[in-house]
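What follows is the content of query_11.cif (mmCIF, N, CA and C atoms).
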```
data_model
loop_
_atom_site.group_PDB
_atom_site.id
_atom_site.type_symbol
_atom_site.label_atom_id
_atom_site.label_comp_id
_atom_site.auth_asym_id
_atom_site.auth_seq_id
_atom_site.Cartn_x
_atom_site.Cartn_y
_atom_site.Cartn_z
ATOM 1 N N MET R 1154 240.140 58.414 -42.488
ATOM 2 C CA MET R 1154 240.560 58.896 -41.175
ATOM 3 C C MET R 1154 240.104 57.942 -40.063
ATOM 4 N N ALA R 1155 239.029 57.205 -40.329
ATOM 5 C CA ALA R 1155 238.573 56.220 -39.339
ATOM 6 C C ALA R 1155 239.652 55.168 -39.108
ATOM 7 N N ASP R 1156 240.435 54.868 -40.142
ATOM 8 C CA ASP R 1156 241.537 53.904 -39.990
ATOM 9 C C ASP R 1156 242.567 54.413 -38.991
ATOM 10 N N ARG R 1157 242.872 55.694 -39.059
ATOM 11 C CA ARG R 1157 243.833 56.296 -38.125
ATOM 12 C C ARG R 1157 243.290 56.243 -36.694
ATOM 13 N N VAL R 1158 242.000 56.541 -36.552
ATOM 14 C CA VAL R 1158 241.369 56.479 -35.233
ATOM 15 C C VAL R 1158 241.473 55.057 -34.681
ATOM 16 N N MET R 1159 241.136 54.075 -35.500
ATOM 17 C CA MET R 1159 241.170 52.683 -35.040
ATOM 18 C C MET R 1159 242.596 52.220 -34.733
ATOM 19 N N LYS R 1160 243.560 52.696 -35.508
ATOM 20 C CA LYS R 1160 244.960 52.346 -35.244
ATOM 21 C C LYS R 1160 245.381 52.889 -33.878
ATOM 22 N N LEU R 1161 245.061 54.160 -33.621
ATOM 23 C CA LEU R 1161 245.386 54.756 -32.325
ATOM 24 C C LEU R 1161 244.620 54.061 -31.202
ATOM 25 N N ALA R 1162 243.369 53.704 -31.457
ATOM 26 C CA ALA R 1162 242.524 53.077 -30.441
ATOM 27 C C ALA R 1162 243.037 51.705 -30.035
ATOM 28 N N SER R 1163 243.825 51.085 -30.887
ATOM 29 C CA SER R 1163 244.341 49.746 -30.570
ATOM 30 C C SER R 1163 245.731 49.781 -29.936
ATOM 31 N N GLU R 1164 246.270 50.967 -29.702
ATOM 32 C CA GLU R 1164 247.624 51.079 -29.154
ATOM 33 C C GLU R 1164 247.723 50.757 -27.671
ATOM 34 N N ARG R 1165 246.605 50.811 -26.967
ATOM 35 C CA ARG R 1165 246.605 50.520 -25.530
ATOM 36 C C ARG R 1165 245.243 49.960 -25.154
ATOM 37 N N ALA R 1166 245.133 49.339 -23.999
ATOM 38 C CA ALA R 1166 243.865 48.731 -23.578
ATOM 39 C C ALA R 1166 242.740 49.759 -23.496
ATOM 40 N N VAL R 1167 243.084 50.991 -23.090
ATOM 41 C CA VAL R 1167 242.092 52.059 -23.013
ATOM 42 C C VAL R 1167 242.659 53.297 -23.698
ATOM 43 N N VAL R 1168 241.880 53.835 -24.623
ATOM 44 C CA VAL R 1168 242.263 55.054 -25.331
ATOM 45 C C VAL R 1168 241.098 56.023 -25.247
ATOM 46 N N VAL R 1169 241.411 57.265 -24.884
ATOM 47 C CA VAL R 1169 240.389 58.304 -24.777
ATOM 48 C C VAL R 1169 240.772 59.444 -25.712
ATOM 49 N N PHE R 1170 239.885 59.746 -26.652
ATOM 50 C CA PHE R 1170 240.079 60.892 -27.545
ATOM 51 C C PHE R 1170 239.421 62.091 -26.879
ATOM 52 N N THR R 1171 240.173 63.202 -26.806
ATOM 53 C CA THR R 1171 239.712 64.377 -26.077
ATOM 54 C C THR R 1171 240.023 65.663 -26.843
ATOM 55 N N LEU R 1172 239.523 66.753 -26.295
ATOM 56 C CA LEU R 1172 239.939 68.102 -26.666
ATOM 57 C C LEU R 1172 240.388 68.777 -25.373
ATOM 58 N N SER R 1173 241.440 69.556 -25.436
ATOM 59 C CA SER R 1173 241.983 70.155 -24.211
ATOM 60 C C SER R 1173 241.000 71.109 -23.541
ATOM 61 N N SER R 1174 240.069 71.677 -24.300
ATOM 62 C CA SER R 1174 239.117 72.646 -23.745
ATOM 63 C C SER R 1174 237.824 71.994 -23.249
ATOM 64 N N CYS R 1175 237.721 70.673 -23.306
ATOM 65 C CA CYS R 1175 236.479 69.961 -22.994
ATOM 66 C C CYS R 1175 236.467 69.508 -21.537
ATOM 67 N N CYS R 1176 235.537 70.055 -20.744
ATOM 68 C CA CYS R 1176 235.492 69.702 -19.321
ATOM 69 C C CYS R 1176 235.064 68.246 -19.125
ATOM 70 N N MET R 1177 234.206 67.718 -19.976
ATOM 71 C CA MET R 1177 233.793 66.319 -19.841
ATOM 72 C C MET R 1177 234.940 65.374 -20.192
ATOM 73 N N CYS R 1178 235.811 65.813 -21.080
ATOM 74 C CA CYS R 1178 237.006 65.024 -21.402
ATOM 75 C C CYS R 1178 237.901 64.926 -20.170
ATOM 76 N N HIS R 1179 238.050 66.034 -19.479
ATOM 77 C CA HIS R 1179 238.848 66.041 -18.252
ATOM 78 C C HIS R 1179 238.227 65.096 -17.222
ATOM 79 N N THR R 1180 236.904 65.129 -17.107
ATOM 80 C CA THR R 1180 236.200 64.245 -16.178
ATOM 81 C C THR R 1180 236.456 62.780 -16.522
ATOM 82 N N MET R 1181 236.426 62.463 -17.810
ATOM 83 C CA MET R 1181 236.624 61.076 -18.238
ATOM 84 C C MET R 1181 238.058 60.618 -17.964
ATOM 85 N N THR R 1182 239.040 61.460 -18.265
ATOM 86 C CA THR R 1182 240.431 61.071 -18.011
ATOM 87 C C THR R 1182 240.677 60.954 -16.501
ATOM 88 N N LYS R 1183 240.011 61.790 -15.708
ATOM 89 C CA LYS R 1183 240.136 61.724 -14.252
ATOM 90 C C LYS R 1183 239.531 60.425 -13.723
ATOM 91 N N LEU R 1184 238.392 60.009 -14.284
ATOM 92 C CA LEU R 1184 237.786 58.741 -13.880
ATOM 93 C C LEU R 1184 238.757 57.594 -14.146
ATOM 94 N N MET R 1185 239.364 57.601 -15.310
ATOM 95 C CA MET R 1185 240.310 56.525 -15.643
ATOM 96 C C MET R 1185 241.498 56.532 -14.684
ATOM 97 N N GLN R 1186 241.996 57.726 -14.356
ATOM 98 C CA GLN R 1186 243.095 57.832 -13.388
ATOM 99 C C GLN R 1186 242.662 57.306 -12.026
ATOM 100 N N ASP R 1187 241.455 57.670 -11.597
ATOM 101 C CA ASP R 1187 240.958 57.228 -10.294
ATOM 102 C C ASP R 1187 240.796 55.708 -10.232
ATOM 103 N N LEU R 1188 240.524 55.101 -11.383
ATOM 104 C CA LEU R 1188 240.398 53.641 -11.451
ATOM 105 C C LEU R 1188 241.756 52.959 -11.675
ATOM 106 N N SER R 1189 242.833 53.750 -11.675
ATOM 107 C CA SER R 1189 244.202 53.268 -11.911
ATOM 108 C C SER R 1189 244.389 52.670 -13.296
ATOM 109 N N VAL R 1190 243.689 53.240 -14.267
ATOM 110 C CA VAL R 1190 243.817 52.820 -15.662
ATOM 111 C C VAL R 1190 244.835 53.732 -16.332
ATOM 112 N N ASN R 1191 245.820 53.134 -16.980
ATOM 113 C CA ASN R 1191 246.840 53.885 -17.693
ATOM 114 C C ASN R 1191 246.353 54.096 -19.134
ATOM 115 N N ALA R 1192 245.382 54.981 -19.284
ATOM 116 C CA ALA R 1192 244.778 55.219 -20.594
ATOM 117 C C ALA R 1192 245.690 56.085 -21.457
ATOM 118 N N LEU R 1193 245.667 55.816 -22.740
ATOM 119 C CA LEU R 1193 246.308 56.698 -23.710
ATOM 120 C C LEU R 1193 245.310 57.791 -24.014
ATOM 121 N N VAL R 1194 245.672 59.039 -23.731
ATOM 122 C CA VAL R 1194 244.801 60.177 -23.998
ATOM 123 C C VAL R 1194 245.326 60.876 -25.239
ATOM 124 N N HIS R 1195 244.465 60.940 -26.248
ATOM 125 C CA HIS R 1195 244.862 61.573 -27.513
ATOM 126 C C HIS R 1195 244.057 62.856 -27.679
ATOM 127 N N GLU R 1196 244.729 63.996 -27.496
ATOM 128 C CA GLU R 1196 244.066 65.292 -27.635
ATOM 129 C C GLU R 1196 244.003 65.678 -29.107
ATOM 130 N N LEU R 1197 242.793 65.740 -29.631
ATOM 131 C CA LEU R 1197 242.603 66.014 -31.052
ATOM 132 C C LEU R 1197 243.082 67.404 -31.448
ATOM 133 N N ASP R 1198 242.995 68.367 -30.526
ATOM 134 C CA ASP R 1198 243.443 69.717 -30.882
ATOM 135 C C ASP R 1198 244.967 69.843 -30.885
ATOM 136 N N SER R 1199 245.659 68.795 -30.503
ATOM 137 C CA SER R 1199 247.125 68.770 -30.591
ATOM 138 C C SER R 1199 247.603 67.987 -31.813
ATOM 139 N N ASP R 1200 246.660 67.435 -32.564
ATOM 140 C CA ASP R 1200 246.980 66.610 -33.730
ATOM 141 C C ASP R 1200 246.657 67.395 -34.996
ATOM 142 N N PRO R 1201 247.601 67.467 -35.950
ATOM 143 C CA PRO R 1201 247.334 68.206 -37.194
ATOM 144 C C PRO R 1201 246.105 67.684 -37.938
ATOM 145 N N LYS R 1202 245.767 66.429 -37.748
ATOM 146 C CA LYS R 1202 244.598 65.843 -38.414
ATOM 147 C C LYS R 1202 243.419 65.697 -37.450
ATOM 148 N N GLY R 1203 243.477 66.440 -36.352
ATOM 149 C CA GLY R 1203 242.467 66.328 -35.298
ATOM 150 C C GLY R 1203 241.048 66.606 -35.746
ATOM 151 N N LYS R 1204 240.847 67.646 -36.559
ATOM 152 C CA LYS R 1204 239.492 67.986 -37.027
ATOM 153 C C LYS R 1204 238.908 66.847 -37.861
ATOM 154 N N GLU R 1205 239.727 66.271 -38.722
ATOM 155 C CA GLU R 1205 239.264 65.150 -39.545
ATOM 156 C C GLU R 1205 238.956 63.937 -38.667
ATOM 157 N N MET R 1206 239.785 63.712 -37.666
ATOM 158 C CA MET R 1206 239.557 62.596 -36.750
ATOM 159 C C MET R 1206 238.284 62.824 -35.938
ATOM 160 N N GLU R 1207 238.033 64.069 -35.579
ATOM 161 C CA GLU R 1207 236.819 64.409 -34.837
ATOM 162 C C GLU R 1207 235.581 64.087 -35.683
ATOM 163 N N ARG R 1208 235.621 64.429 -36.961
ATOM 164 C CA ARG R 1208 234.511 64.106 -37.869
ATOM 165 C C ARG R 1208 234.330 62.592 -37.994
ATOM 166 N N ALA R 1209 235.445 61.864 -38.065
ATOM 167 C CA ALA R 1209 235.373 60.402 -38.151
ATOM 168 C C ALA R 1209 234.750 59.817 -36.880
ATOM 169 N N LEU R 1210 235.099 60.369 -35.724
ATOM 170 C CA LEU R 1210 234.532 59.897 -34.466
ATOM 171 C C LEU R 1210 233.025 60.139 -34.413
ATOM 172 N N ILE R 1211 232.574 61.288 -34.906
ATOM 173 C CA ILE R 1211 231.139 61.579 -34.935
ATOM 174 C C ILE R 1211 230.418 60.528 -35.772
ATOM 175 N N LYS R 1212 230.997 60.180 -36.916
ATOM 176 C CA LYS R 1212 230.394 59.134 -37.765
ATOM 177 C C LYS R 1212 230.368 57.797 -37.034
ATOM 178 N N MET R 1213 231.467 57.481 -36.343
ATOM 179 C CA MET R 1213 231.547 56.217 -35.617
ATOM 180 C C MET R 1213 230.525 56.154 -34.483
ATOM 181 N N LEU R 1214 230.179 57.317 -33.943
ATOM 182 C CA LEU R 1214 229.200 57.397 -32.859
ATOM 183 C C LEU R 1214 227.772 57.483 -33.397
ATOM 184 N N GLY R 1215 227.615 57.253 -34.683
ATOM 185 C CA GLY R 1215 226.280 57.240 -35.266
ATOM 186 C C GLY R 1215 225.783 58.591 -35.734
ATOM 187 N N GLY R 1216 226.696 59.535 -35.916
ATOM 188 C CA GLY R 1216 226.314 60.840 -36.436
ATOM 189 C C GLY R 1216 225.817 61.809 -35.387
ATOM 190 N N ARG R 1217 225.821 61.368 -34.146
ATOM 191 C CA ARG R 1217 225.383 62.283 -33.092
ATOM 192 C C ARG R 1217 226.618 62.759 -32.325
ATOM 193 N N GLY R 1218 226.603 64.010 -31.960
ATOM 194 C CA GLY R 1218 227.752 64.561 -31.278
ATOM 195 C C GLY R 1218 227.530 64.587 -29.787
ATOM 196 N N PRO R 1219 228.450 65.068 -29.024
ATOM 197 C CA PRO R 1219 229.794 65.489 -29.438
ATOM 198 C C PRO R 1219 230.710 64.293 -29.680
ATOM 199 N N ALA R 1220 231.778 64.572 -30.385
ATOM 200 C CA ALA R 1220 232.731 63.507 -30.741
ATOM 201 C C ALA R 1220 233.625 63.117 -29.571
ATOM 202 N N VAL R 1221 233.776 64.014 -28.610
ATOM 203 C CA VAL R 1221 234.670 63.746 -27.483
ATOM 204 C C VAL R 1221 233.942 63.991 -26.164
ATOM 205 N N PRO R 1222 234.333 63.312 -25.110
ATOM 206 C CA PRO R 1222 235.334 62.264 -25.109
ATOM 207 C C PRO R 1222 234.807 61.002 -25.792
ATOM 208 N N ALA R 1223 235.676 60.330 -26.489
ATOM 209 C CA ALA R 1223 235.355 59.048 -27.113
ATOM 210 C C ALA R 1223 236.271 58.011 -26.482
ATOM 211 N N VAL R 1224 235.678 57.019 -25.840
ATOM 212 C CA VAL R 1224 236.438 56.034 -25.088
ATOM 213 C C VAL R 1224 236.423 54.695 -25.823
ATOM 214 N N PHE R 1225 237.624 54.168 -26.019
ATOM 215 C CA PHE R 1225 237.805 52.846 -26.608
ATOM 216 C C PHE R 1225 238.387 51.944 -25.539
ATOM 217 N N ILE R 1226 237.806 50.772 -25.390
ATOM 218 C CA ILE R 1226 238.316 49.777 -24.446
ATOM 219 C C ILE R 1226 238.534 48.498 -25.227
ATOM 220 N N GLY R 1227 239.761 47.988 -25.161
ATOM 221 C CA GLY R 1227 240.085 46.778 -25.917
ATOM 222 C C GLY R 1227 239.951 46.982 -27.419
ATOM 223 N N GLY R 1228 240.219 48.200 -27.871
ATOM 224 C CA GLY R 1228 240.152 48.505 -29.298
ATOM 225 C C GLY R 1228 238.753 48.732 -29.836
ATOM 226 N N LYS R 1229 237.742 48.668 -28.963
ATOM 227 C CA LYS R 1229 236.354 48.848 -29.395
ATOM 228 C C LYS R 1229 235.790 50.136 -28.825
ATOM 229 N N LEU R 1230 235.045 50.847 -29.666
ATOM 230 C CA LEU R 1230 234.419 52.086 -29.220
ATOM 231 C C LEU R 1230 233.317 51.773 -28.217
ATOM 232 N N VAL R 1231 233.456 52.309 -27.007
ATOM 233 C CA VAL R 1231 232.441 52.149 -25.975
ATOM 234 C C VAL R 1231 231.439 53.288 -26.066
ATOM 235 N N GLY R 1232 231.951 54.504 -26.249
ATOM 236 C CA GLY R 1232 231.079 55.659 -26.363
ATOM 237 C C GLY R 1232 231.655 56.862 -25.655
ATOM 238 N N GLY R 1233 230.763 57.779 -25.341
ATOM 239 C CA GLY R 1233 231.155 59.018 -24.685
ATOM 240 C C GLY R 1233 230.862 58.986 -23.201
ATOM 241 N N THR R 1234 230.764 60.172 -22.634
ATOM 242 C CA THR R 1234 230.587 60.321 -21.192
ATOM 243 C C THR R 1234 229.360 59.578 -20.673
ATOM 244 N N ASN R 1235 228.207 59.780 -21.313
ATOM 245 C CA ASN R 1235 226.978 59.165 -20.815
ATOM 246 C C ASN R 1235 227.087 57.646 -20.777
ATOM 247 N N ARG R 1236 227.605 57.072 -21.840
ATOM 248 C CA ARG R 1236 227.707 55.608 -21.920
ATOM 249 C C ARG R 1236 228.690 55.068 -20.879
ATOM 250 N N VAL R 1237 229.849 55.684 -20.775
ATOM 251 C CA VAL R 1237 230.867 55.206 -19.834
ATOM 252 C C VAL R 1237 230.390 55.372 -18.392
ATOM 253 N N MET R 1238 229.781 56.504 -18.081
ATOM 254 C CA MET R 1238 229.297 56.715 -16.714
ATOM 255 C C MET R 1238 228.152 55.764 -16.391
ATOM 256 N N SER R 1239 227.284 55.485 -17.361
ATOM 257 C CA SER R 1239 226.201 54.517 -17.152
ATOM 258 C C SER R 1239 226.767 53.135 -16.851
ATOM 259 N N LEU R 1240 227.788 52.743 -17.606
ATOM 260 C CA LEU R 1240 228.441 51.452 -17.360
ATOM 261 C C LEU R 1240 229.067 51.416 -15.966
ATOM 262 N N HIS R 1241 229.695 52.519 -15.595
ATOM 263 C CA HIS R 1241 230.358 52.583 -14.290
ATOM 264 C C HIS R 1241 229.328 52.481 -13.158
ATOM 265 N N LEU R 1242 228.242 53.231 -13.260
ATOM 266 C CA LEU R 1242 227.216 53.203 -12.214
ATOM 267 C C LEU R 1242 226.521 51.841 -12.123
ATOM 268 N N ALA R 1243 226.453 51.135 -13.249
ATOM 269 C CA ALA R 1243 225.829 49.810 -13.272
ATOM 270 C C ALA R 1243 226.797 48.710 -12.840
ATOM 271 N N GLY R 1244 228.051 49.088 -12.555
ATOM 272 C CA GLY R 1244 229.040 48.103 -12.132
ATOM 273 C C GLY R 1244 229.605 47.287 -13.281
ATOM 274 N N GLU R 1245 229.447 47.779 -14.511
ATOM 275 C CA GLU R 1245 229.901 47.037 -15.679
ATOM 276 C C GLU R 1245 231.229 47.538 -16.256
ATOM 277 N N LEU R 1246 231.643 48.731 -15.872
ATOM 278 C CA LEU R 1246 232.866 49.307 -16.437
ATOM 279 C C LEU R 1246 234.117 48.578 -15.955
ATOM 280 N N VAL R 1247 234.222 48.352 -14.652
ATOM 281 C CA VAL R 1247 235.423 47.706 -14.108
ATOM 282 C C VAL R 1247 235.632 46.315 -14.707
ATOM 283 N N PRO R 1248 234.603 45.462 -14.787
ATOM 284 C CA PRO R 1248 234.821 44.162 -15.440
ATOM 285 C C PRO R 1248 235.254 44.305 -16.911
ATOM 286 N N MET R 1249 234.701 45.305 -17.595
ATOM 287 C CA MET R 1249 235.088 45.542 -18.986
ATOM 288 C C MET R 1249 236.568 45.937 -19.071
ATOM 289 N N LEU R 1250 237.002 46.773 -18.146
ATOM 290 C CA LEU R 1250 238.413 47.187 -18.108
ATOM 291 C C LEU R 1250 239.313 46.004 -17.758
ATOM 292 N N MET R 1251 238.847 45.152 -16.856
ATOM 293 C CA MET R 1251 239.634 43.973 -16.486
ATOM 294 C C MET R 1251 239.766 43.019 -17.671
ATOM 295 N N ASN R 1252 238.687 42.807 -18.389
ATOM 296 C CA ASN R 1252 238.722 41.920 -19.564
ATOM 297 C C ASN R 1252 239.657 42.434 -20.642
ATOM 298 N N ALA R 1253 239.810 43.745 -20.716
ATOM 299 C CA ALA R 1253 240.706 44.343 -21.723
ATOM 300 C C ALA R 1253 242.152 44.373 -21.244
ATOM 301 N N GLY R 1254 242.394 43.979 -19.984
ATOM 302 C CA GLY R 1254 243.746 43.987 -19.453
ATOM 303 C C GLY R 1254 244.182 45.341 -18.943
ATOM 304 N N ALA R 1255 243.214 46.233 -18.695
ATOM 305 C CA ALA R 1255 243.544 47.579 -18.220
ATOM 306 C C ALA R 1255 243.585 47.665 -16.703
ATOM 307 N N LEU R 1256 243.033 46.660 -16.030
ATOM 308 C CA LEU R 1256 242.990 46.638 -14.565
ATOM 309 C C LEU R 1256 243.400 45.260 -14.063
ATOM 310 N N TRP R 1257 244.050 45.270 -12.931
ATOM 311 C CA TRP R 1257 244.395 44.030 -12.254
ATOM 312 C C TRP R 1257 243.897 44.122 -10.833
ATOM 313 N N VAL R 1258 243.292 43.056 -10.388
ATOM 314 C CA VAL R 1258 242.772 43.059 -9.010
ATOM 315 C C VAL R 1258 243.528 42.041 -8.197
#
```

Please, can you express the file's structure as structure tokens?
Amino acid sequence: MADRVMKLASERAVVVFTLSSCCMCHTMTKLMQDLSVNALVHELDSDPKGKEMERALIKMLGGRGPAVPAVFIGGKLVGGTNRVMSLHLAGELVPMLMNAGALWV
């Protein structure tokens, strides 16, 4: 199932795996919108294989949860809310998005 996650993660410069009931997922997708990033948002609860993908994401995150939101930039797993917000506050997120071709200045 990790192969499916990685395939989806490489479909666009920024991919966010979410659950429709997750408030932090909404926050993450809103941040991407506010930064004018056209992220692919993949809601796991809308995917027949979502539960399996969620388990694969937990493994990819080192076995610690929650699995969502899981943000991929340039096909690489960046992490969840804490990691992405830390990067943003440190001024490192925007350059990372630019390097992946998700932002133009």

Contacts of segment 1185-1191 of chain R within 8 Å, only N, CA and C atoms, excl. fewer than 2 positions in-chain, as a PyMOL selection string = chain R and resi 1165-1168+1179-1183+1193-1194+1255-1257

Between R:Ala1243, R:Met1154, R:Thr1171, R:Pro1248, single out the one closest to Leu1210 of chain R, counting only N, CA and C atoms.
-> R:Met1154

Best match for closeness to Val1247 of chain R among R:Thr1234, R:Ile1226, R:Arg1157, R:Ser1199, counting only C-alpha atoms | R:Ile1226

Between atom C of Asp1198 of chain R and atom N of Gly1228 of chain R - distance in Å to one decimal |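 Computed distance, atom N of Gly1228 of chain R to atom C of Asp1198 of chain R, equals 22.4 Å.
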
Figure out the distance between atom CA of Arg1236 of chain R and atom N of Asp1156 of chain R, please, to one decimal in Å.
-> 22.2 Å

Neighbours of Arg1208 of chain R within 8 Å (all atoms listed in the file; same-chain residues fewer than 4 positions away dropped), as a ChimeraX atom specification?
-> /R:1154-1155,1202-1204,1212-1214,1220

Store the residues picked out above, limited to N, CA and C atoms, as a tab-separated table (two decimals), in the frame of the given file.
```
chain	number	residue	atom	x	y	z
R	1154	MET	N	240.14	58.41	-42.49
R	1154	MET	CA	240.56	58.90	-41.18
R	1154	MET	C	240.10	57.94	-40.06
R	1155	ALA	N	239.03	57.20	-40.33
R	1155	ALA	CA	238.57	56.22	-39.34
R	1155	ALA	C	239.65	55.17	-39.11
R	1202	LYS	N	245.77	66.43	-37.75
R	1202	LYS	CA	244.60	65.84	-38.41
R	1202	LYS	C	243.42	65.70	-37.45
R	1203	GLY	N	243.48	66.44	-36.35
R	1203	GLY	CA	242.47	66.33	-35.30
R	1203	GLY	C	241.05	66.61	-35.75
R	1204	LYS	N	240.85	67.65	-36.56
R	1204	LYS	CA	239.49	67.99	-37.03
R	1204	LYS	C	238.91	66.85	-37.86
R	1212	LYS	N	231.00	60.18	-36.92
R	1212	LYS	CA	230.39	59.13	-37.76
R	1212	LYS	C	230.37	57.80	-37.03
R	1213	MET	N	231.47	57.48	-36.34
R	1213	MET	CA	231.55	56.22	-35.62
R	1213	MET	C	230.52	56.15	-34.48
R	1214	LEU	N	230.18	57.32	-33.94
R	1214	LEU	CA	229.20	57.40	-32.86
R	1214	LEU	C	227.77	57.48	-33.40
R	1220	ALA	N	231.78	64.57	-30.38
R	1220	ALA	CA	232.73	63.51	-30.74
R	1220	ALA	C	233.62	63.12	-29.57
```

Identify the residues around (241.8, 48.2, -29.8) within a radius of 6 Å, measuring from all atoms listed in the file in the coordinates stated by the file, and give them as a PyMOL selection string.
-> chain R and resi 1162-1164+1226-1229
